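K.L.:
The following block contains the structure, expressed as structure tokens.
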Amino acid sequence: MDMISELPKHILHRILYFLSQNEAVRTSVLSKSWRTIWRTRPNLDLDFSDPTFRHSTREFLFVVDNTLQLYRDRTLRLEEFRLSICTDHYESVSLLQKWIPLLTSMGVKEFRLSISSKTSDPGRLDLPSVVFEAVESLKHLRVERFLFDEKAIEKITLCKNLRSLHLQMIARCPLIENLCVEGLGIGLRTINTNDLRNLEEFTFTERLGLCCRHFPVELCSIEIYPVSLRTININYGNIMFRKEANFLNLNDLFLQGVKSSLDNLSFGKFPRLRRLTLLHCDGLKESRVFIDAPNILYFEYKGDFVPTVSFATNSFRDWKSEIHIQHINDGSPSWFLKLNKLLKSLSQSKISLSIYKHPNDEKDIIQENIDPVHDKPVLVESLNLACGLSSFPALVNGVFSICRSRNIGNYLKAWHDEFVESEYSWRGWEVEFVGYMWKILMERESGSKDEPSRLLLRDLEEASMEIMKSIHGDEKEDEWYRAPLSECLLNLSRSYCRFALKWRDTM
Amino acid sequence: MAAETGTPTTLTLKSNDDELFSVAESAAILSVTIRNMVEDGCAGGVIPLDNVDGKTLASVITYMNGISAIPADEEKKKSYRDKFLSDKDFETLADMVLAANYLNMSCLMDAVSAKIAQVMEKKSVGWVRRKFGIENDYTPEEEAAVKEEHKWTFEGVETDDDN
């Protein structure tokens with residue numbers, strides 16, 4: 001006999017494993033010994049739309065049923081099972097109910113299911129609930145022409161190994177109010193919620209998170225219908241909406257890791273927007289965003305570049321903005337000038353600004369000549385700076401050439417993740433910070449008159465040390481009290497300290 | 001460097017035609033069969049591999065050394081495997097898949113199986129028979145019947161001149 005036919009059966013199965021179902025079936029014609037080998041390979045790919053079954057769903061169901069029985073009766077190994085089924089035949093759902101537990105008991109590792117209904121009125125039928133019982137093995141699911149409502153979405157979240165989900169006819173449940181898509185490596189390319197006219201809350205979370213930023217991962221494109229939405233929360237997805245969209249009811253807009261351009265924000269209307277959060281949105285890089293949000297109460301930005309964002313707001317309202325910027329020297333000679341512009345456009349709000357320079361970033365901070373008359377310093381409620389000692393003078397100099405803050409600390413609330421990640425390299429920064437600031441603030445009478453301290457001291461009337469009493473959440477203000485240096489230093493490992501600054505009335 | 005990290009352990013493998021090969025233990029334990037022997041302490045002297053001939057073993061060792069030198073980068077490993085198998089004829093591939101099976105090396109087994117599958121893909125039955133020397137023991141009637149049973153699988157396949 002020839003060499004290939006003499007190979008042990010399980011090796012032949014391995015070879016056939018790498019062929020498509022058609023190719024595998026065709027090997028049955030090679031010779032008598034090949035006739036049935038394909039029937040027992042470790043993967044099956046059965047599709048009702050294959051030409052063999054073109055005229056008979058019944059025959060297709062019969063073949064699937066027989067094949068699975070054969071694998072079970074002869075305890076053959078089945079690793080992957082790909083099934084494409086249409087439920088137009090009355091027996092198909094009851095057969096699925098029989099097959100899916102069978103797959104689980106046979107230890108199928110990868111189950112790909114494509115299921116569609118052929119009803120003339122798509123979106124009326126519930127997706128057979130047995131589909132959700134394949135929790136362990138279901139890796140890829142495609143649903144067509146079924147009602148896929150909130151209940152189904154809840155259940156699908158139990159399929160923890162799901163890699164890709166393709167939904168058609170999601171719009172056939174137009175009453176849906178709350179839609180949440182969350183996962184690790186969501187395979188979705190697009191989500192269109194344009195027809196969900198009652199949708200109030202939309203959440204999308206790709207848990208790959210920062211990996212999406214640093215690697216060329218294609219983000220899901222999310223198209224939204226703006227009018228009904230109250231809350232939009234998108235993490236590492238792209239948001240699409242038409243120009244001049246009226247976000248009539250939008251209260252809270254949270255965008256993280258959006259890569260697509262956010263230019264359209266400038267043309268939208270946000271009459272009820274209270275909170276706007278933009279974190280790591282590379283889509284802001286090239287944009288100048290002007291947001292028409294008269295009722296804004298809170299704006300937060302976090303990123304590694306200075307964005308161009310401004311608001312049209314009701315000036316009588318008290319509102320807050322929190323800006324967290326990682327300083328990266330990208331060669332631009334106007335980093336602080338750009339920051340000055342941003343602070344100016346936010347100057348009606350209570351600004352809290354934090355700037356940090358990563359410990360591994362060895363590029364120097366570029367000194368800029370800023371004209372204090374033309375580019376007046378902006379009053380900032382609280383300021384936090386965190387960087388290595390060598391960058392401190394340049395950072396302090398730059399910052400105090402564009403703003404005056406009521407206090408200065410090195411509390412890195414917003415960069416907690418980065419902070420924990422490289423805790424080792426950050427260690428000692430508090431002490432360096434206190435030491436440096438103490439030297440220029442407290443010993444100003446006798447101390448040196450180098451460039452940063454001169455700028456900082458020019459309009460400074462008084463400086464005192466404070467220690468944080470307790471850390472509250474976002475809503476409540478943190479509490480601070482005055483303390484002598486010795487107490488601050490003793491508490492450095494447990495609490496934060498800062499310097500309260502009082503400026504001469506030149507602002 | 002050897003002084004600091006200790007001399008890497010070398011194993012001696014013996015083929016069924018009595019050829020001896022030295023290979024670094026770190027590369028050889030890609031084979032679960034060899035790894036088990038090492039763990040059981042049977043690797044002190046010469047490890048006899050009764051089911052593998054010298055020519056095939058030399059090839060397998062080249063593969064072991066090559067693939068274990070590549071750091072954990074699936075793309076690079078894949079392109080190494082593709083290149084490694086690209087010039088092998090079927091007889092060598094068949095020997096290697098048997099050796100991989102005996103040595104319990106799933107990555108080599110999968111790579112060779114995929115390579116053989118790739119050779120068969122989209123080819124006519126006659127071509128595959130000739131390529132692999134498979135003897136057609138069907139009667140013409142039987143063959144026609146089997147073909148008829150699965151005739152849809154022949155769409156888009158190159159046609160045979162000889163049958």
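Residue numbers start at 1 in each chain; chains themselves are named A, B, ... in the order of the structure tokens; ligands are numbered from 1 in the order shown.
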Should the cut-off be 6 Å, what would the residue list for chain A against chain B look like, counting only C-alpha atoms, as a PDB file with N, CA and C atoms, in the first residue's frame?
P.N.:
```pdb
ATOM      1  N   ASP A   2       0.300   2.361  -0.405  1.00  0.00           N
ATOM      2  CA  ASP A   2       1.100   3.588  -0.467  1.00  0.00           C
ATOM      3  C   ASP A   2       1.325   4.161   0.923  1.00  0.00           C
ATOM      4  N   ILE A  15      -4.524  15.563   9.404  1.00  0.00           N
ATOM      5  CA  ILE A  15      -4.367  16.170   8.071  1.00  0.00           C
ATOM      6  C   ILE A  15      -5.721  16.694   7.576  1.00  0.00           C
ATOM      7  N   PHE A  18      -7.216  20.046   8.732  1.00  0.00           N
ATOM      8  CA  PHE A  18      -6.826  21.319   8.108  1.00  0.00           C
ATOM      9  C   PHE A  18      -7.521  21.574   6.772  1.00  0.00           C
ATOM     10  N   ASN A  22     -15.760  20.427   2.480  1.00  0.00           N
ATOM     11  CA  ASN A  22     -15.832  19.907   1.114  1.00  0.00           C
ATOM     12  C   ASN A  22     -14.586  19.132   0.725  1.00  0.00           C
ATOM     13  N   SER A  31      -9.700   6.277  -2.523  1.00  0.00           N
ATOM     14  CA  SER A  31      -9.639   4.809  -2.560  1.00  0.00           C
ATOM     15  C   SER A  31     -10.545   4.277  -1.458  1.00  0.00           C
TER      16      SER A  31
END
```
K.L.:
I'd like the neighbourhood of segment 55-72 of chain A as number ranges by chain, where a residue qualifies if any of its atoms comes within 10 Å (using only C-alpha atoms), though same-chain residues fewer than 3 positions away should be ignored.
P.N.:
A: 39-42, 44-52, 75-78, 81, 83, 85-92, 95-96, 98-99, 102-103, 105-106
K.L.:
Would you kindly return, as a PDB file with N, CA and C atoms, in the first residue's frame, each protein, DNA or RNA residue with an atom no farther than 7 Å from any atom of His324 of chain A, considering only C-alpha atoms and excluding same-chain residues fewer than 5 positions away?
P.N.:
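Result file is result27.pdb:
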```pdb
ATOM      1  N   TYR A 301     -10.810  65.821  31.375  1.00  0.00           N
ATOM      2  CA  TYR A 301      -9.972  65.399  30.263  1.00  0.00           C
ATOM      3  C   TYR A 301      -8.751  64.689  30.815  1.00  0.00           C
ATOM      4  N   LYS A 302      -8.369  63.618  30.152  1.00  0.00           N
ATOM      5  CA  LYS A 302      -7.125  62.943  30.508  1.00  0.00           C
ATOM      6  C   LYS A 302      -6.468  62.468  29.222  1.00  0.00           C
ATOM      7  N   GLY A 303      -5.193  62.756  29.089  1.00  0.00           N
ATOM      8  CA  GLY A 303      -4.529  62.315  27.871  1.00  0.00           C
ATOM      9  C   GLY A 303      -3.080  62.752  27.848  1.00  0.00           C
ATOM     10  N   LEU A 353      -5.908  71.070  37.818  1.00  0.00           N
ATOM     11  CA  LEU A 353      -4.967  70.683  36.759  1.00  0.00           C
ATOM     12  C   LEU A 353      -3.905  69.756  37.342  1.00  0.00           C
ATOM     13  N   SER A 354      -3.672  68.655  36.649  1.00  0.00           N
ATOM     14  CA  SER A 354      -2.522  67.860  37.076  1.00  0.00           C
ATOM     15  C   SER A 354      -1.678  67.494  35.868  1.00  0.00           C
ATOM     16  N   ILE A 355      -0.400  67.603  36.064  1.00  0.00           N
ATOM     17  CA  ILE A 355       0.533  67.304  34.980  1.00  0.00           C
ATOM     18  C   ILE A 355       1.530  66.301  35.509  1.00  0.00           C
ATOM     19  N   ALA A 414      -5.704  60.813  39.226  1.00  0.00           N
ATOM     20  CA  ALA A 414      -6.164  60.324  37.930  1.00  0.00           C
ATOM     21  C   ALA A 414      -5.190  59.362  37.267  1.00  0.00           C
TER      22      ALA A 414
END
```
K.L.:
Find the residue from B:Val46, B:Lys77, B:Thr92, B:Asn65 that sits nearest to Ile29 of chain B; use only C-alpha atoms when measuring.
P.N.:
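Under the stated criterion, the closest residue is B:Asn65.
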K.L.:
Tell me, as a PyMOL selection string, which residues lie within 7 Å of Lys109 of chain A, counting only C-alpha atoms; anything in the same chain fewer than 2 positions away does not count.
P.N.:
chain A and resi 79-80+107+111+137
K.L.:
Residues at most 6 Å from Ser266 of chain A, counting only C-alpha atoms, excluding those fewer than 4 positions away in the same chain, as a list in words?
P.N.:
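After dropping sequence-adjacent residues, the list is Val289, Phe290 and Ile291 of chain A.
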K.L.:
Among segment 28-150 of chain B, which ones does DSSP assign to alpha helix (DSSP H) (computed from the backbone)? Answer as a PyMOL selection string.
P.N.:
chain B and resi 28+32-39+54-68+74-86+90-103+106-120+125-132+140-149
K.L.:
In segment 48-106 of chain A, what's strand (DSSP E) per DSSP? Answer as a PDB file with C-alpha atoms, in the first residue's frame?
P.N.:
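For reference, part-v6.pdb as written:
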```pdb
ATOM      1  CA  GLU A  80     -14.552  21.969  16.791  1.00  0.00           C
ATOM      2  CA  PHE A  81     -18.101  22.082  15.613  1.00  0.00           C
ATOM      3  CA  ARG A  82     -19.326  24.634  13.178  1.00  0.00           C
ATOM      4  CA  LEU A  83     -23.023  24.643  12.489  1.00  0.00           C
ATOM      5  CA  SER A  84     -24.993  26.866  10.258  1.00  0.00           C
ATOM      6  CA  ILE A  85     -28.672  26.264  10.698  1.00  0.00           C
ATOM      7  CA  CYS A  86     -31.966  27.754   9.683  1.00  0.00           C
TER       8      CYS A  86
END
```
K.L.:
Residues within 10 Å of segment 493-502 of chain A, please, as an MDAnalysis selection string. Count only C-alpha atoms; anything in the same chain fewer than 2 positions from it doesn't count.
P.N.:
chainID A and resid 382:384 404:412 428 430:431 433:434 437:438 441 459:471 480:483 485 487:491 504:505
K.L.:
Which residue out of A:Glu368, A:Glu23, A:Asp292, A:Glu136 has the minimum interatomic distance to Asn264 of chain A when only C-alpha atoms are used?
P.N.:
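Of A:Glu368, A:Glu23, A:Asp292, A:Glu136, the one nearest Asn264 of chain A, counting only C-alpha atoms, is A:Asp292.
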K.L.:
Which residues come within 6 Å of Thr33 of chain B, counting only C-alpha atoms, excluding same-chain residues fewer than 2 positions away, as JSON, numbers by chain?
P.N.:
{"B": [31, 35, 36, 103, 104]}
K.L.:
How about saving the chosen residues, N, CA and C atoms kept, as a PDB file, in the first residue's frame?
P.N.:
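Result file result.pdb:
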```pdb
ATOM      1  N   SER B  31       9.875  17.692  22.522  1.00  0.00           N
ATOM      2  CA  SER B  31       9.244  16.390  22.397  1.00  0.00           C
ATOM      3  C   SER B  31       8.809  15.931  23.779  1.00  0.00           C
ATOM      4  N   ARG B  35      10.913  14.612  26.926  1.00  0.00           N
ATOM      5  CA  ARG B  35      10.808  15.322  28.195  1.00  0.00           C
ATOM      6  C   ARG B  35      10.447  14.364  29.330  1.00  0.00           C
ATOM      7  N   ASN B  36       9.510  13.461  29.032  1.00  0.00           N
ATOM      8  CA  ASN B  36       9.133  12.490  30.064  1.00  0.00           C
ATOM      9  C   ASN B  36      10.325  11.636  30.472  1.00  0.00           C
ATOM     10  N   LEU B 103       7.365  11.127  18.760  1.00  0.00           N
ATOM     11  CA  LEU B 103       8.041  11.991  19.738  1.00  0.00           C
ATOM     12  C   LEU B 103       7.071  12.878  20.511  1.00  0.00           C
ATOM     13  N   ASN B 104       5.794  12.824  20.118  1.00  0.00           N
ATOM     14  CA  ASN B 104       4.761  13.648  20.749  1.00  0.00           C
ATOM     15  C   ASN B 104       5.138  15.140  20.718  1.00  0.00           C
TER      16      ASN B 104
END
```
K.L.:
Given the choices A:Asp252, A:Asp195, A:Asp330, A:Glu479, which gets closest to Ile224 of chain A if the distance is worked out from only C-alpha atoms?
P.N.:
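Nearest candidate to Ile224 of chain A out of A:Asp252, A:Asp195, A:Asp330, A:Glu479: A:Asp195.
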